[in-house]
Amino acid sequence: MPATAGGLILSGGLVSFPDLAALGEAVHDCRRCALGSSRTHAVPGVGPRNARIVIVGEAPGQMEDQQGEPFVGAAGKLLDQLLRGIGLSRAEVFITNVLKCRPPGNRDPLPEEAQACAPYLDQQLALIKPEVVLILGRHALARLLPGHDSISRVHGRVLFKNATAYIPIYHPAAALYNSFLMQTLEQDFQAVRTYLDRAARQPAPVPAASAAGGTDPDHQLSLFG
């Protein structure tokens with residue numbers, strides 16, 4: 001199999017990497033879509049290899065593109081504040097985005113761009129094996145949990161997929177533009193704290209069996225009420 005920046009190209013164009021460092025090198029060399037030519041810096045993601053929580057946003061912005069790190073602008077400062085509010089720090093979580101390169105003018109990610117970046121995000125989750133994935137915003141929701149309701153309907157809920165808890169949350173940038181969302185965002189982060197505390201006290205919940213006798217990979221547990 002041909003190698004690329006420490007990874008192997010598998011069937012269907014999927015990429016397998018031995019570790020996050022090799023994956024990061026591949027992201028910096030990536031030209032899988034046109035964003036590889038328009039970016040200043042690629043933004044693979046930052047955080048510990050054994051993080052319990054992975055935070056997935058939508059795409060790098062201008063400051064992220066300039067510095068090569070995710071969530072370093074105003075939305076990143078709010079994210080840090082929200083994490084501190086539930087007793088966590090940036091150093092404890094792994095932070096990345098659906099897209100690893102900034103779309104021109106901070107426009108929405110295009111489907112083909114998200115598809116091109118999909119192997120990198122999939123491999124990050126496979127390498128880290130987090131207990132919880134925080135989904136920030138509608139584009140990240142569409143990528144990680146396709147077919148679910150809008151972010152306005154599922155935010156603050158715990159959705160289980162392959163024994164991993166996924167918690168959709170409004171993107172911090174949304175609260176910067178719409179201040180009325182700030183209280184909701186804080187409540188959603190408190191839902192994350194509630195889930196972590198519950199998970200520490202008891203075994204991980206088993207998805208409910210379906211009527212056919214199998215399991216439902218997207219079993220939902222609301223933490224409100």
# chains A, B, ... in the order shown; residues from 1 in each chain; ligands from 1
>>> residues_around(residues="segment 86-102 of chain A", least_positions_apart="4", cutoff="9 Å", atoms="only C-alpha atoms", output="PyMOL selection string")
chain A and resi 27-28+35-36+38-62+64-65+69-71+79-82+106-107+109+113-114+116-118+120-121+124+128+136+139-140+143-144+189-190+192-193
>>> residues_around(residues="Ala173 of chain A", least_positions_apart="4", cutoff="8 Å", atoms="only C-alpha atoms", output="VMD selection string")
chain A and resid 74 to 75 177
>>> atom_distance(atom1="atom CA of His155 of chain A", atom2="atom CA of Asp122 of chain A")
21.9 Å
>>> select_by_dssp(residues="chain A", states="strand (DSSP E)", output="PyMOL selection string")
chain A and resi 3-4+7-9+15-16+53-57+93-97+132-136+157-161+164-169+220-222
>>> atom_distance(atom1="atom CA of Ile169 of chain A", atom2="atom CA of Leu145 of chain A")
12.7 Å
>>> select_by_dssp(residues="segment 130-205 of chain A", states="helix (DSSP H, G or I)", output="ChimeraX atom specification")
/A:138-144,151-154,172-177,179-201
>>> write_last_selection(atoms="N, CA and C atoms", output="short mmCIF file (atom, residue, chain, number, x, y, z; two decimals), in the first residue's frame")
data_model
loop_
_atom_site.label_atom_id
_atom_site.label_comp_id
_atom_site.auth_asym_id
_atom_site.auth_seq_id
_atom_site.Cartn_x
_atom_site.Cartn_y
_atom_site.Cartn_z
N ARG A 138 -24.26 23.13 13.55
CA ARG A 138 -25.06 22.30 12.66
C ARG A 138 -24.24 21.53 11.63
N HIS A 139 -23.13 22.12 11.16
CA HIS A 139 -22.33 21.40 10.16
C HIS A 139 -21.62 20.20 10.78
N ALA A 140 -21.13 20.36 11.99
CA ALA A 140 -20.52 19.23 12.68
C ALA A 140 -21.58 18.17 12.99
N LEU A 141 -22.79 18.59 13.34
CA LEU A 141 -23.87 17.64 13.60
C LEU A 141 -24.19 16.85 12.34
N ALA A 142 -24.29 17.53 11.21
CA ALA A 142 -24.60 16.85 9.95
C ALA A 142 -23.52 15.85 9.57
N ARG A 143 -22.28 16.16 9.90
CA ARG A 143 -21.18 15.27 9.55
C ARG A 143 -21.12 14.06 10.47
N LEU A 144 -21.28 14.27 11.78
CA LEU A 144 -21.07 13.19 12.74
C LEU A 144 -22.33 12.38 13.02
N ILE A 151 -29.94 21.24 15.06
CA ILE A 151 -29.23 21.52 16.31
C ILE A 151 -30.16 22.17 17.33
N SER A 152 -31.16 22.92 16.88
CA SER A 152 -32.08 23.58 17.80
C SER A 152 -32.97 22.58 18.53
N ARG A 153 -33.11 21.38 17.99
CA ARG A 153 -33.97 20.36 18.61
C ARG A 153 -33.19 19.36 19.45
N VAL A 154 -31.92 19.14 19.13
CA VAL A 154 -31.18 18.09 19.84
C VAL A 154 -30.08 18.62 20.74
N PRO A 172 -20.11 28.12 19.84
CA PRO A 172 -19.91 29.36 20.61
C PRO A 172 -20.04 30.63 19.77
N ALA A 173 -19.65 30.57 18.50
CA ALA A 173 -19.77 31.76 17.65
C ALA A 173 -21.21 32.21 17.53
N ALA A 174 -22.16 31.27 17.59
CA ALA A 174 -23.58 31.63 17.48
C ALA A 174 -23.98 32.53 18.65
N ALA A 175 -23.43 32.25 19.83
CA ALA A 175 -23.77 33.08 21.01
C ALA A 175 -23.10 34.45 20.94
N LEU A 176 -21.98 34.54 20.23
CA LEU A 176 -21.33 35.85 20.07
C LEU A 176 -22.17 36.76 19.19
N TYR A 177 -22.87 36.17 18.23
CA TYR A 177 -23.72 36.96 17.33
C TYR A 177 -25.15 37.09 17.84
N SER A 179 -26.78 37.03 21.47
CA SER A 179 -26.52 36.95 22.90
C SER A 179 -27.58 36.16 23.66
N PHE A 180 -28.79 36.07 23.10
CA PHE A 180 -29.84 35.32 23.79
C PHE A 180 -29.53 33.83 23.87
N LEU A 181 -28.55 33.36 23.07
CA LEU A 181 -28.17 31.94 23.11
C LEU A 181 -27.17 31.63 24.22
N MET A 182 -26.64 32.66 24.88
CA MET A 182 -25.59 32.43 25.86
C MET A 182 -26.08 31.56 27.02
N GLN A 183 -27.25 31.84 27.53
CA GLN A 183 -27.77 31.04 28.64
C GLN A 183 -27.99 29.59 28.20
N THR A 184 -28.50 29.40 26.99
CA THR A 184 -28.69 28.05 26.48
C THR A 184 -27.37 27.32 26.36
N LEU A 185 -26.36 28.02 25.87
CA LEU A 185 -25.04 27.42 25.71
C LEU A 185 -24.47 27.01 27.07
N GLU A 186 -24.64 27.85 28.06
CA GLU A 186 -24.16 27.52 29.40
C GLU A 186 -24.90 26.31 29.96
N GLN A 187 -26.21 26.24 29.70
CA GLN A 187 -26.98 25.08 30.16
C GLN A 187 -26.51 23.80 29.46
N ASP A 188 -26.20 23.91 28.18
CA ASP A 188 -25.73 22.73 27.45
C ASP A 188 -24.40 22.23 28.01
N PHE A 189 -23.52 23.14 28.38
CA PHE A 189 -22.26 22.72 28.98
C PHE A 189 -22.48 22.13 30.36
N GLN A 190 -23.46 22.62 31.09
CA GLN A 190 -23.79 21.99 32.36
C GLN A 190 -24.31 20.57 32.15
N ALA A 191 -24.99 20.35 31.00
CA ALA A 191 -25.43 18.99 30.66
C ALA A 191 -24.24 18.08 30.45
N VAL A 192 -23.17 18.62 29.87
CA VAL A 192 -21.94 17.84 29.70
C VAL A 192 -21.38 17.46 31.07
N ARG A 193 -21.33 18.40 32.00
CA ARG A 193 -20.83 18.12 33.35
C ARG A 193 -21.70 17.06 34.03
N THR A 194 -23.00 17.18 33.86
CA THR A 194 -23.91 16.20 34.46
C THR A 194 -23.65 14.81 33.92
N TYR A 195 -23.46 14.71 32.61
CA TYR A 195 -23.19 13.40 32.01
C TYR A 195 -21.87 12.83 32.52
N LEU A 196 -20.82 13.65 32.56
CA LEU A 196 -19.52 13.17 33.03
C LEU A 196 -19.60 12.67 34.46
N ASP A 197 -20.34 13.40 35.30
CA ASP A 197 -20.48 12.99 36.69
C ASP A 197 -21.25 11.68 36.80
N ARG A 198 -22.31 11.55 36.01
CA ARG A 198 -23.09 10.31 36.03
C ARG A 198 -22.24 9.15 35.53
N ALA A 199 -21.49 9.37 34.47
CA ALA A 199 -20.66 8.31 33.90
C ALA A 199 -19.59 7.86 34.87
N ALA A 200 -19.10 8.77 35.71
CA ALA A 200 -18.08 8.43 36.69
C ALA A 200 -18.64 7.57 37.82
N ARG A 201 -19.96 7.68 38.04
CA ARG A 201 -20.59 6.95 39.15
C ARG A 201 -21.16 5.61 38.75
#
>>> atom_distance(atom1="atom CA of Asp149 of chain A", atom2="atom CA of Val132 of chain A")
19.5 Å
>>> residues_around(residues="Ile167 of chain A", least_positions_apart="2", cutoff="7 Å", atoms="only C-alpha atoms", output="ChimeraX atom specification")
/A:133-135,156-159,165,169
>>> write_last_selection(atoms="N, CA and C atoms", output="mmCIF file, in the first residue's frame")
data_model
loop_
_atom_site.group_PDB
_atom_site.id
_atom_site.type_symbol
_atom_site.label_atom_id
_atom_site.label_comp_id
_atom_site.auth_asym_id
_atom_site.auth_seq_id
_atom_site.Cartn_x
_atom_site.Cartn_y
_atom_site.Cartn_z
ATOM 1 N N VAL A 133 -17.997 13.053 22.701
ATOM 2 C CA VAL A 133 -17.700 13.943 21.586
ATOM 3 C C VAL A 133 -18.682 15.104 21.649
ATOM 4 N N LEU A 134 -18.169 16.315 21.825
ATOM 5 C CA LEU A 134 -19.017 17.505 21.810
ATOM 6 C C LEU A 134 -19.100 18.011 20.381
ATOM 7 N N ILE A 135 -20.306 18.125 19.861
ATOM 8 C CA ILE A 135 -20.550 18.548 18.487
ATOM 9 C C ILE A 135 -20.961 20.011 18.505
ATOM 10 N N GLY A 156 -27.934 19.773 23.767
ATOM 11 C CA GLY A 156 -28.010 19.429 25.179
ATOM 12 C C GLY A 156 -28.430 18.006 25.467
ATOM 13 N N ARG A 157 -28.615 17.197 24.424
ATOM 14 C CA ARG A 157 -28.984 15.792 24.622
ATOM 15 C C ARG A 157 -27.778 14.898 24.380
ATOM 16 N N VAL A 158 -27.802 13.733 24.998
ATOM 17 C CA VAL A 158 -26.738 12.755 24.810
ATOM 18 C C VAL A 158 -27.234 11.711 23.815
ATOM 19 N N LEU A 159 -26.504 11.555 22.726
ATOM 20 C CA LEU A 159 -26.859 10.616 21.667
ATOM 21 C C LEU A 159 -25.762 9.573 21.560
ATOM 22 N N ALA A 165 -20.655 8.653 23.596
ATOM 23 C CA ALA A 165 -21.670 9.678 23.825
ATOM 24 C C ALA A 165 -21.363 10.904 22.973
ATOM 25 N N ILE A 169 -24.186 20.741 20.629
ATOM 26 C CA ILE A 169 -24.239 22.015 21.346
ATOM 27 C C ILE A 169 -24.163 23.132 20.311
#
>>> closest_residue(among="A:Ser150, A:Ser37, A:Gln202, A:Gln67", to="Gly137 of chain A", atoms="only C-alpha atoms")
A:Ser150
>>> decode(residues="segment 110-142 of chain A", atoms="C-alpha atoms", output="PDB file, in the first residue's frame")
ATOM      1  CA  LEU A 110     -19.153  22.606   1.199  1.00  0.00           C
ATOM      2  CA  PRO A 111     -20.248  18.944   1.178  1.00  0.00           C
ATOM      3  CA  GLU A 112     -17.293  17.919  -0.980  1.00  0.00           C
ATOM      4  CA  GLU A 113     -14.887  19.644   1.424  1.00  0.00           C
ATOM      5  CA  ALA A 114     -16.367  17.845   4.422  1.00  0.00           C
ATOM      6  CA  GLN A 115     -16.134  14.580   2.504  1.00  0.00           C
ATOM      7  CA  ALA A 116     -12.482  15.217   1.634  1.00  0.00           C
ATOM      8  CA  CYS A 117     -11.646  15.830   5.321  1.00  0.00           C
ATOM      9  CA  ALA A 118     -13.781  12.950   6.614  1.00  0.00           C
ATOM     10  CA  PRO A 119     -10.945  10.375   6.808  1.00  0.00           C
ATOM     11  CA  TYR A 120      -8.911  12.668   9.060  1.00  0.00           C
ATOM     12  CA  LEU A 121     -11.720  13.250  11.544  1.00  0.00           C
ATOM     13  CA  ASP A 122     -12.669   9.574  11.514  1.00  0.00           C
ATOM     14  CA  GLN A 123      -9.073   8.597  12.249  1.00  0.00           C
ATOM     15  CA  GLN A 124      -8.755  11.152  15.036  1.00  0.00           C
ATOM     16  CA  LEU A 125     -11.771   9.668  16.786  1.00  0.00           C
ATOM     17  CA  ALA A 126     -10.469   6.134  16.193  1.00  0.00           C
ATOM     18  CA  LEU A 127      -7.033   6.964  17.614  1.00  0.00           C
ATOM     19  CA  ILE A 128      -8.262   8.894  20.658  1.00  0.00           C
ATOM     20  CA  LYS A 129     -11.305   6.740  21.468  1.00  0.00           C
ATOM     21  CA  PRO A 130     -13.006   9.464  23.526  1.00  0.00           C
ATOM     22  CA  GLU A 131     -15.811   8.839  25.982  1.00  0.00           C
ATOM     23  CA  VAL A 132     -17.621  11.978  24.838  1.00  0.00           C
ATOM     24  CA  VAL A 133     -17.700  13.943  21.586  1.00  0.00           C
ATOM     25  CA  LEU A 134     -19.017  17.505  21.810  1.00  0.00           C
ATOM     26  CA  ILE A 135     -20.550  18.548  18.487  1.00  0.00           C
ATOM     27  CA  LEU A 136     -20.400  22.320  18.009  1.00  0.00           C
ATOM     28  CA  GLY A 137     -22.856  23.603  15.428  1.00  0.00           C
ATOM     29  CA  ARG A 138     -25.062  22.298  12.658  1.00  0.00           C
ATOM     30  CA  HIS A 139     -22.331  21.404  10.162  1.00  0.00           C
ATOM     31  CA  ALA A 140     -20.525  19.227  12.682  1.00  0.00           C
ATOM     32  CA  LEU A 141     -23.873  17.643  13.596  1.00  0.00           C
ATOM     33  CA  ALA A 142     -24.603  16.853   9.953  1.00  0.00           C
TER      34      ALA A 142
END
